[in-house]
Amino acid sequence: MAYGSNLHAARLACYLRGGRPDGGAQTQPGCRDPRPPRRAVATALPGSLYFAGHSLTWGGGSAFYDPTLSGEVPCRAYLVTVGQFSDIAAQEMRRSPGTDLDLTPVLTTGRTELGPGRYETLLYVGESDGHPILTFTAPQGAAGAELNAPTPPYLRTLAAGLAESHGWGPWRAAGYLATRPGAAGHWTPRTVAAVLG
């Protein structure tokens, strides 16, 4: 289950095939299996998106998912193989792809921490057509995070993903992104909308 910039298929493709996203500073190595997802479905999860830490690709804060907060997070469920999920997760964790994750713990308990860092906490959030739905986030929620505002290139990618997957226009995307923890107080809907053009 993707949220944040991976709502945008072209951004996810950098993790699958390798490459650098438009406006980004880092090139990803890609997955062992570079094929596109077999299916992509727009959906949502209960909770909130927040921005924290420092992204090497975008500068500024990265988007994380906190299931304990109120609200709803627009998401996109991609049907990928275990190997592809493992390689995407490794790249998000700043590790080298190439090793399949043991998903038994997260499928059994609903949550497992592979480490203390960014995107190293796996969450089992449901099923679709008999397939488990997994995502990853930081081990701490927004309350324990070092909040940090996202940069303009990242906001443009996030908004492109919201438009592509959920049909959101720039004003709706701006209102949503500007009010997430980490962005709120730094960005306003008007300033985000100006960045989005």
# chains A, B, ... in the order shown; residues from 1 in each chain; ligands from 1
call {"tool": "residues_around", "arguments": {"residues": "Ser165 of chain A", "least_positions_apart": "2", "cutoff": "10 Å", "atoms": "only C-alpha atoms", "output": "PyMOL selection string"}}
result
chain A and resi 7-9+40-43+74-77+159-163+167-168
call {"tool": "write_last_selection", "arguments": {"atoms": "C-alpha atoms", "output": "PDB file, in the first residue's frame"}}
result
ATOM      1  CA  LEU A   7       0.922   7.425  -5.295  1.00  0.00           C
ATOM      2  CA  HIS A   8       2.564   8.719  -8.490  1.00  0.00           C
ATOM      3  CA  ALA A   9       3.261   5.769 -10.799  1.00  0.00           C
ATOM      4  CA  ALA A  40      -3.243  -0.409  -8.973  1.00  0.00           C
ATOM      5  CA  VAL A  41      -6.326   0.585  -6.969  1.00  0.00           C
ATOM      6  CA  ALA A  42      -7.057   3.899  -5.255  1.00  0.00           C
ATOM      7  CA  THR A  43      -8.037   3.451  -1.624  1.00  0.00           C
ATOM      8  CA  PRO A  74      -5.277   8.638   0.416  1.00  0.00           C
ATOM      9  CA  CYS A  75      -3.411   5.527  -0.732  1.00  0.00           C
ATOM     10  CA  ARG A  76      -2.841   3.368  -3.761  1.00  0.00           C
ATOM     11  CA  ALA A  77      -2.728  -0.409  -3.489  1.00  0.00           C
ATOM     12  CA  ALA A 159       0.121  16.398  -5.675  1.00  0.00           C
ATOM     13  CA  ALA A 160       0.745  14.630  -9.001  1.00  0.00           C
ATOM     14  CA  GLY A 161       0.156  11.320  -7.255  1.00  0.00           C
ATOM     15  CA  LEU A 162      -3.061  12.550  -5.631  1.00  0.00           C
ATOM     16  CA  ALA A 163      -4.289  13.778  -9.018  1.00  0.00           C
ATOM     17  CA  GLY A 167      -8.474  12.694  -9.236  1.00  0.00           C
ATOM     18  CA  TRP A 168      -7.718  15.535  -6.809  1.00  0.00           C
TER      19      TRP A 168
END
call {"tool": "residues_around", "arguments": {"residues": "Thr27 of chain A", "least_positions_apart": "2", "cutoff": "10 Å", "atoms": "only C-alpha atoms", "output": "MDAnalysis selection string"}}
result
chainID A and resid 14:15 18:21 24:25 29:30 57
call {"tool": "write_last_selection", "arguments": {"atoms": "C-alpha atoms", "output": "short mmCIF file (atom, residue, chain, number, x, y, z; two decimals), in the first residue's frame"}}
result
data_model
loop_
_atom_site.label_atom_id
_atom_site.label_comp_id
_atom_site.auth_asym_id
_atom_site.auth_seq_id
_atom_site.Cartn_x
_atom_site.Cartn_y
_atom_site.Cartn_z
CA CYS A 14 12.07 4.57 -10.16
CA TYR A 15 11.99 1.97 -7.40
CA GLY A 18 15.70 2.22 -11.36
CA GLY A 19 16.14 5.91 -12.02
CA ARG A 20 15.76 9.35 -10.52
CA PRO A 21 12.36 10.96 -9.99
CA GLY A 24 14.76 14.42 -7.01
CA ALA A 25 18.46 14.27 -6.14
CA PRO A 29 18.94 1.03 -8.31
CA GLY A 30 15.56 -0.59 -8.96
CA THR A 57 16.04 12.56 -2.54
#
call {"tool": "closest_residue", "arguments": {"among": "A:Val73, A:Ala178, A:Leu56, A:Leu114", "to": "Thr191 of chain A", "atoms": "only C-alpha atoms"}}
result
A:Ala178
call {"tool": "residues_around", "arguments": {"residues": "segment 85-91 of chain A", "least_positions_apart": "5", "cutoff": "9 Å", "atoms": "only C-alpha atoms", "output": "JSON, numbers by chain"}}
result
{"A": [12, 15, 16, 28, 29, 30, 31, 32, 33, 80, 96, 97, 98, 99, 100, 101, 102, 119, 120, 134, 135, 136]}
call {"tool": "residues_around", "arguments": {"residues": "Gly197 of chain A", "least_positions_apart": "5", "cutoff": "12 Å", "atoms": "only C-alpha atoms", "output": "CSV table (one decimal) with all heavy atoms, in the first residue's frame"}}
result
chain,number,residue,atom,x,y,z
A,152,PRO,N,9.3,22.1,-2.1
A,152,PRO,CA,8.5,22.2,-3.3
A,152,PRO,C,8.5,21.1,-4.3
A,152,PRO,O,7.4,20.6,-4.7
A,152,PRO,CB,9.0,23.6,-3.9
A,152,PRO,CG,9.4,24.3,-2.7
A,152,PRO,CD,10.1,23.3,-1.8
A,153,PRO,N,9.7,20.5,-4.7
A,153,PRO,CA,9.6,19.4,-5.6
A,153,PRO,C,8.9,18.2,-5.1
A,153,PRO,O,8.2,17.5,-5.8
A,153,PRO,CB,11.1,19.1,-5.9
A,153,PRO,CG,11.9,20.3,-5.5
A,153,PRO,CD,11.1,20.9,-4.4
A,155,LEU,N,6.4,18.3,-2.8
A,155,LEU,CA,5.0,18.7,-2.9
A,155,LEU,C,4.4,18.5,-4.3
A,155,LEU,O,3.3,18.0,-4.4
A,155,LEU,CB,4.8,20.1,-2.4
A,155,LEU,CG,5.0,20.4,-0.9
A,155,LEU,CD1,5.0,21.9,-0.6
A,155,LEU,CD2,3.9,19.7,-0.1
A,156,ARG,N,5.1,18.8,-5.3
A,156,ARG,CA,4.6,18.7,-6.7
A,156,ARG,C,4.4,17.2,-7.0
A,156,ARG,O,3.4,16.8,-7.6
A,156,ARG,CB,5.6,19.3,-7.7
A,156,ARG,CG,5.4,20.9,-7.7
A,156,ARG,CD,6.2,21.5,-8.9
A,156,ARG,NE,7.6,21.5,-8.6
A,156,ARG,CZ,8.3,22.5,-8.0
A,156,ARG,NH1,7.6,23.6,-7.6
A,156,ARG,NH2,9.6,22.4,-7.9
A,159,ALA,N,1.4,15.9,-5.0
A,159,ALA,CA,0.1,16.4,-5.7
A,159,ALA,C,-0.1,15.7,-7.0
A,159,ALA,O,-1.3,15.4,-7.3
A,159,ALA,CB,0.2,17.9,-5.9
A,160,ALA,N,0.9,15.4,-7.8
A,160,ALA,CA,0.7,14.6,-9.0
A,160,ALA,C,0.2,13.2,-8.7
A,160,ALA,O,-0.7,12.7,-9.4
A,160,ALA,CB,2.1,14.5,-9.8
A,169,GLY,N,-7.8,17.8,-7.6
A,169,GLY,CA,-7.3,19.0,-8.2
A,169,GLY,C,-6.3,19.7,-7.3
A,169,GLY,O,-6.1,19.3,-6.2
A,170,PRO,N,-5.6,20.7,-7.9
A,170,PRO,CA,-4.5,21.3,-7.1
A,170,PRO,C,-4.9,22.0,-5.8
A,170,PRO,O,-4.2,21.9,-4.8
A,170,PRO,CB,-3.9,22.4,-8.1
A,170,PRO,CG,-4.9,22.5,-9.2
A,170,PRO,CD,-5.7,21.3,-9.2
A,171,TRP,N,-6.1,22.6,-5.8
A,171,TRP,CA,-6.6,23.2,-4.5
A,171,TRP,C,-6.9,22.2,-3.5
A,171,TRP,O,-6.6,22.4,-2.3
A,171,TRP,CB,-7.8,24.1,-4.8
A,171,TRP,CG,-7.4,25.5,-5.3
A,171,TRP,CD1,-7.4,25.9,-6.6
A,171,TRP,CD2,-6.7,26.5,-4.5
A,171,TRP,NE1,-6.9,27.2,-6.7
A,171,TRP,CE2,-6.5,27.6,-5.4
A,171,TRP,CE3,-6.4,26.7,-3.2
A,171,TRP,CZ2,-5.9,28.8,-5.0
A,171,TRP,CZ3,-5.8,27.8,-2.8
A,171,TRP,CH2,-5.5,28.9,-3.7
A,173,ALA,N,-5.6,19.2,-3.2
A,173,ALA,CA,-4.3,18.6,-2.8
A,173,ALA,C,-3.5,19.6,-1.9
A,173,ALA,O,-2.9,19.2,-0.9
A,173,ALA,CB,-3.4,18.3,-4.0
A,174,ALA,N,-3.6,20.9,-2.3
A,174,ALA,CA,-2.9,21.9,-1.5
A,174,ALA,C,-3.4,22.0,-0.1
A,174,ALA,O,-2.7,22.1,0.9
A,174,ALA,CB,-2.9,23.3,-2.2
A,190,ARG,N,-2.6,28.2,0.3
A,190,ARG,CA,-2.3,29.1,-0.8
A,190,ARG,C,-0.9,29.0,-1.2
A,190,ARG,O,-0.6,29.0,-2.5
A,190,ARG,CB,-2.6,30.6,-0.3
A,190,ARG,CG,-2.4,31.6,-1.4
A,190,ARG,CD,-2.9,33.0,-0.9
A,190,ARG,NE,-4.3,33.0,-0.6
A,190,ARG,CZ,-5.3,33.1,-1.5
A,190,ARG,NH1,-5.0,33.2,-2.7
A,190,ARG,NH2,-6.6,33.1,-1.1
A,191,THR,N,0.1,28.9,-0.3
A,191,THR,CA,1.5,28.8,-0.8
A,191,THR,C,1.8,27.4,-1.4
A,191,THR,O,2.6,27.4,-2.4
A,191,THR,CB,2.5,29.0,0.4
A,191,THR,OG1,2.2,28.0,1.5
A,191,THR,CG2,2.3,30.4,1.0
A,192,VAL,N,1.1,26.4,-1.0
A,192,VAL,CA,1.3,25.1,-1.7
A,192,VAL,C,0.7,25.2,-3.0
A,192,VAL,O,1.2,24.7,-4.0
A,192,VAL,CB,0.7,23.9,-0.8
A,192,VAL,CG1,0.7,22.6,-1.7
A,192,VAL,CG2,1.4,23.7,0.5
call {"tool": "select_by_dssp", "arguments": {"residues": "segment 5-170 of chain A", "states": "alpha helix (DSSP H)", "output": "JSON, numbers by chain"}}
result
{"A": [9, 10, 11, 12, 13, 14, 15, 16, 17, 82, 83, 84, 85, 86, 87, 88, 89, 90, 91, 92, 104, 105, 106, 107, 108, 109, 152, 153, 154, 155, 156, 157, 158, 159, 160, 161, 162, 163, 164, 165, 166, 170]}
call {"tool": "write_last_selection", "arguments": {"atoms": "N, CA and C atoms", "output": "short mmCIF file (atom, residue, chain, number, x, y, z; two decimals), in the first residue's frame"}}
result
data_model
loop_
_atom_site.label_atom_id
_atom_site.label_comp_id
_atom_site.auth_asym_id
_atom_site.auth_seq_id
_atom_site.Cartn_x
_atom_site.Cartn_y
_atom_site.Cartn_z
N ALA A 9 2.70 6.98 -10.19
CA ALA A 9 3.26 5.77 -10.80
C ALA A 9 4.67 5.98 -11.32
N ALA A 10 4.98 7.17 -11.83
CA ALA A 10 6.32 7.43 -12.36
C ALA A 10 7.35 7.43 -11.25
N ARG A 11 6.95 7.87 -10.05
CA ARG A 11 7.88 7.85 -8.93
C ARG A 11 8.11 6.40 -8.47
N LEU A 12 7.03 5.62 -8.38
CA LEU A 12 7.18 4.21 -8.01
C LEU A 12 8.04 3.47 -9.03
N ALA A 13 7.92 3.85 -10.30
CA ALA A 13 8.71 3.18 -11.35
C ALA A 13 10.20 3.35 -11.13
N CYS A 14 10.64 4.41 -10.47
CA CYS A 14 12.07 4.57 -10.16
C CYS A 14 12.53 3.51 -9.19
N TYR A 15 11.65 3.07 -8.29
CA TYR A 15 11.99 1.97 -7.40
C TYR A 15 11.94 0.62 -8.11
N LEU A 16 11.06 0.50 -9.10
CA LEU A 16 10.93 -0.77 -9.83
C LEU A 16 12.02 -0.94 -10.89
N ARG A 17 12.17 0.06 -11.77
CA ARG A 17 13.10 -0.04 -12.90
C ARG A 17 14.44 0.61 -12.64
N VAL A 82 6.34 -10.53 -3.77
CA VAL A 82 7.07 -10.41 -2.50
C VAL A 82 8.46 -9.83 -2.76
N GLY A 83 9.11 -10.28 -3.83
CA GLY A 83 10.43 -9.77 -4.17
C GLY A 83 10.42 -8.28 -4.49
N GLN A 84 9.41 -7.85 -5.24
CA GLN A 84 9.31 -6.42 -5.55
C GLN A 84 9.04 -5.60 -4.29
N PHE A 85 8.12 -6.06 -3.46
CA PHE A 85 7.86 -5.36 -2.20
C PHE A 85 9.13 -5.26 -1.36
N SER A 86 9.86 -6.37 -1.28
CA SER A 86 11.09 -6.40 -0.49
C SER A 86 12.12 -5.42 -1.03
N ASP A 87 12.25 -5.35 -2.35
CA ASP A 87 13.25 -4.46 -2.96
C ASP A 87 12.84 -2.99 -2.87
N ILE A 88 11.54 -2.71 -2.99
CA ILE A 88 11.07 -1.34 -2.80
C ILE A 88 11.32 -0.91 -1.36
N ALA A 89 10.96 -1.78 -0.42
CA ALA A 89 11.17 -1.47 1.00
C ALA A 89 12.65 -1.23 1.29
N ALA A 90 13.52 -2.07 0.74
CA ALA A 90 14.96 -1.90 0.97
C ALA A 90 15.44 -0.53 0.50
N GLN A 91 14.99 -0.11 -0.68
CA GLN A 91 15.40 1.20 -1.20
C GLN A 91 14.87 2.33 -0.32
N GLU A 92 13.64 2.18 0.17
CA GLU A 92 13.09 3.19 1.08
C GLU A 92 13.86 3.23 2.40
N THR A 104 6.39 -13.28 7.50
CA THR A 104 5.61 -14.03 8.48
C THR A 104 5.32 -13.24 9.74
N PRO A 105 6.32 -12.55 10.33
CA PRO A 105 6.01 -11.80 11.56
C PRO A 105 4.95 -10.72 11.38
N VAL A 106 5.04 -9.93 10.31
CA VAL A 106 4.06 -8.86 10.12
C VAL A 106 2.69 -9.42 9.78
N LEU A 107 2.63 -10.52 9.04
CA LEU A 107 1.34 -11.13 8.71
C LEU A 107 0.71 -11.77 9.94
N THR A 108 1.52 -12.17 10.91
CA THR A 108 1.03 -12.81 12.13
C THR A 108 0.59 -11.79 13.17
N THR A 109 1.39 -10.74 13.35
CA THR A 109 1.14 -9.78 14.44
C THR A 109 0.55 -8.46 13.97
N PRO A 152 9.32 22.07 -2.13
CA PRO A 152 8.45 22.24 -3.31
C PRO A 152 8.50 21.08 -4.31
N PRO A 153 9.67 20.53 -4.68
CA PRO A 153 9.63 19.40 -5.62
C PRO A 153 8.87 18.19 -5.08
N TYR A 154 9.00 17.96 -3.78
CA TYR A 154 8.30 16.83 -3.16
C TYR A 154 6.79 17.10 -3.17
N LEU A 155 6.39 18.31 -2.84
CA LEU A 155 4.97 18.65 -2.86
C LEU A 155 4.37 18.47 -4.26
N ARG A 156 5.13 18.84 -5.29
CA ARG A 156 4.63 18.67 -6.66
C ARG A 156 4.43 17.19 -6.99
N THR A 157 5.35 16.33 -6.53
CA THR A 157 5.23 14.89 -6.78
C THR A 157 4.06 14.31 -6.00
N LEU A 158 3.91 14.74 -4.75
CA LEU A 158 2.78 14.28 -3.94
C LEU A 158 1.45 14.67 -4.59
N ALA A 159 1.36 15.92 -5.04
CA ALA A 159 0.12 16.40 -5.67
C ALA A 159 -0.14 15.67 -6.99
N ALA A 160 0.92 15.38 -7.75
CA ALA A 160 0.74 14.63 -9.00
C ALA A 160 0.20 13.24 -8.71
N GLY A 161 0.66 12.63 -7.64
CA GLY A 161 0.16 11.32 -7.26
C GLY A 161 -1.29 11.37 -6.80
N LEU A 162 -1.66 12.40 -6.06
CA LEU A 162 -3.06 12.55 -5.63
C LEU A 162 -3.98 12.78 -6.83
N ALA A 163 -3.50 13.54 -7.80
CA ALA A 163 -4.29 13.78 -9.02
C ALA A 163 -4.44 12.50 -9.82
N GLU A 164 -3.34 11.79 -10.00
CA GLU A 164 -3.34 10.57 -10.82
C GLU A 164 -4.16 9.46 -10.20
N SER A 165 -4.03 9.26 -8.90
CA SER A 165 -4.67 8.11 -8.26
C SER A 165 -6.08 8.40 -7.76
N HIS A 166 -6.34 9.64 -7.33
CA HIS A 166 -7.63 9.97 -6.73
C HIS A 166 -8.39 11.07 -7.45
N PRO A 170 -5.57 20.71 -7.87
CA PRO A 170 -4.49 21.33 -7.10
C PRO A 170 -4.95 21.98 -5.80
#
call {"tool": "residues_around", "arguments": {"residues": "Trp187 of chain A", "least_positions_apart": "4", "cutoff": "12 Å", "atoms": "only C-alpha atoms", "output": "PyMOL selection string"}}
result
chain A and resi 51+148-152+155+174-183+191-195
call {"tool": "write_last_selection", "arguments": {"atoms": "N, CA and C atoms", "output": "PDB file, in the first residue's frame"}}
result
ATOM      1  N   PHE A  51       4.990  14.724   8.011  1.00  0.00           N
ATOM      2  CA  PHE A  51       6.299  14.943   7.400  1.00  0.00           C
ATOM      3  C   PHE A  51       7.358  15.065   8.487  1.00  0.00           C
ATOM      4  N   ASN A 148       9.360  17.927  10.029  1.00  0.00           N
ATOM      5  CA  ASN A 148      10.118  18.760   9.098  1.00  0.00           C
ATOM      6  C   ASN A 148       9.274  18.981   7.855  1.00  0.00           C
ATOM      7  N   ALA A 149       9.217  20.193   7.383  1.00  0.00           N
ATOM      8  CA  ALA A 149       8.359  20.543   6.247  1.00  0.00           C
ATOM      9  C   ALA A 149       8.888  19.959   4.948  1.00  0.00           C
ATOM     10  N   PRO A 150       7.995  19.560   4.053  1.00  0.00           N
ATOM     11  CA  PRO A 150       8.402  19.070   2.733  1.00  0.00           C
ATOM     12  C   PRO A 150       8.833  20.215   1.820  1.00  0.00           C
ATOM     13  N   THR A 151       9.623  19.879   0.802  1.00  0.00           N
ATOM     14  CA  THR A 151      10.126  20.860  -0.156  1.00  0.00           C
ATOM     15  C   THR A 151       9.180  20.995  -1.353  1.00  0.00           C
ATOM     16  N   PRO A 152       9.318  22.073  -2.129  1.00  0.00           N
ATOM     17  CA  PRO A 152       8.454  22.243  -3.306  1.00  0.00           C
ATOM     18  C   PRO A 152       8.496  21.077  -4.306  1.00  0.00           C
ATOM     19  N   LEU A 155       6.387  18.307  -2.838  1.00  0.00           N
ATOM     20  CA  LEU A 155       4.966  18.653  -2.859  1.00  0.00           C
ATOM     21  C   LEU A 155       4.374  18.467  -4.255  1.00  0.00           C
ATOM     22  N   ALA A 174      -3.558  20.887  -2.259  1.00  0.00           N
ATOM     23  CA  ALA A 174      -2.859  21.904  -1.467  1.00  0.00           C
ATOM     24  C   ALA A 174      -3.448  22.003  -0.069  1.00  0.00           C
ATOM     25  N   GLY A 175      -4.773  21.986   0.032  1.00  0.00           N
ATOM     26  CA  GLY A 175      -5.413  22.056   1.335  1.00  0.00           C
ATOM     27  C   GLY A 175      -5.078  20.866   2.212  1.00  0.00           C
ATOM     28  N   TYR A 176      -4.991  19.709   1.595  1.00  0.00           N
ATOM     29  CA  TYR A 176      -4.642  18.491   2.341  1.00  0.00           C
ATOM     30  C   TYR A 176      -3.179  18.518   2.781  1.00  0.00           C
ATOM     31  N   LEU A 177      -2.270  18.753   1.849  1.00  0.00           N
ATOM     32  CA  LEU A 177      -0.835  18.677   2.151  1.00  0.00           C
ATOM     33  C   LEU A 177      -0.397  19.747   3.148  1.00  0.00           C
ATOM     34  N   ALA A 178      -0.931  20.955   3.029  1.00  0.00           N
ATOM     35  CA  ALA A 178      -0.515  22.057   3.894  1.00  0.00           C
ATOM     36  C   ALA A 178      -0.923  21.866   5.343  1.00  0.00           C
ATOM     37  N   THR A 179      -1.905  21.016   5.585  1.00  0.00           N
ATOM     38  CA  THR A 179      -2.425  20.848   6.939  1.00  0.00           C
ATOM     39  C   THR A 179      -1.926  19.583   7.626  1.00  0.00           C
ATOM     40  N   ARG A 180      -1.031  18.842   6.986  1.00  0.00           N
ATOM     41  CA  ARG A 180      -0.471  17.647   7.633  1.00  0.00           C
ATOM     42  C   ARG A 180       0.600  18.070   8.643  1.00  0.00           C
ATOM     43  N   PRO A 181       0.737  17.323   9.765  1.00  0.00           N
ATOM     44  CA  PRO A 181       1.810  17.628  10.712  1.00  0.00           C
ATOM     45  C   PRO A 181       3.171  17.676  10.017  1.00  0.00           C
ATOM     46  N   GLY A 182       3.945  18.667  10.344  1.00  0.00           N
ATOM     47  CA  GLY A 182       5.242  18.885   9.701  1.00  0.00           C
ATOM     48  C   GLY A 182       5.160  19.943   8.617  1.00  0.00           C
ATOM     49  N   ALA A 183       4.066  19.952   7.868  1.00  0.00           N
ATOM     50  CA  ALA A 183       3.843  20.998   6.859  1.00  0.00           C
ATOM     51  C   ALA A 183       3.074  22.163   7.457  1.00  0.00           C
ATOM     52  N   THR A 191       0.098  28.865  -0.315  1.00  0.00           N
ATOM     53  CA  THR A 191       1.493  28.769  -0.755  1.00  0.00           C
ATOM     54  C   THR A 191       1.776  27.436  -1.439  1.00  0.00           C
ATOM     55  N   VAL A 192       1.119  26.376  -0.965  1.00  0.00           N
ATOM     56  CA  VAL A 192       1.274  25.081  -1.658  1.00  0.00           C
ATOM     57  C   VAL A 192       0.659  25.167  -3.047  1.00  0.00           C
ATOM     58  N   ALA A 193      -0.517  25.758  -3.164  1.00  0.00           N
ATOM     59  CA  ALA A 193      -1.160  25.894  -4.471  1.00  0.00           C
ATOM     60  C   ALA A 193      -0.286  26.689  -5.433  1.00  0.00           C
ATOM     61  N   ALA A 194       0.417  27.697  -4.920  1.00  0.00           N
ATOM     62  CA  ALA A 194       1.318  28.476  -5.779  1.00  0.00           C
ATOM     63  C   ALA A 194       2.470  27.613  -6.276  1.00  0.00           C
ATOM     64  N   VAL A 195       2.983  26.736  -5.431  1.00  0.00           N
ATOM     65  CA  VAL A 195       4.049  25.805  -5.826  1.00  0.00           C
ATOM     66  C   VAL A 195       3.543  24.837  -6.892  1.00  0.00           C
TER      67      VAL A 195
END
call {"tool": "closest_atom_pairs", "arguments": {"of": "segment 11-87 of chain A", "to": "segment 122-130 of chain A", "cutoff": "10 Å", "atoms": "only C-alpha atoms", "output": "JSON lines"}}
result
{"residue": "A:Leu45", "atom": "CA", "partner": "A:Val125", "partner_atom": "CA", "distance": 8.1}
{"residue": "A:Pro46", "atom": "CA", "partner": "A:Val125", "partner_atom": "CA", "distance": 9.8}
{"residue": "A:Pro67", "atom": "CA", "partner": "A:Val125", "partner_atom": "CA", "distance": 9.6}
{"residue": "A:Ala77", "atom": "CA", "partner": "A:Ser128", "partner_atom": "CA", "distance": 9.0}
{"residue": "A:Leu79", "atom": "CA", "partner": "A:Ser128", "partner_atom": "CA", "distance": 9.5}
call {"tool": "write_last_selection", "arguments": {"atoms": "C-alpha atoms", "output": "compact mmCIF listing (two decimals), in the first residue's frame"}}
result
# COMPACT_ATOMS: atom_id res chain seq x y z
CA LEU A 45 -6.31 4.11 5.29
CA PRO A 46 -7.48 5.50 8.63
CA PRO A 67 -2.37 4.94 11.96
CA ALA A 77 -2.73 -0.41 -3.49
CA LEU A 79 -0.25 -5.61 -6.67
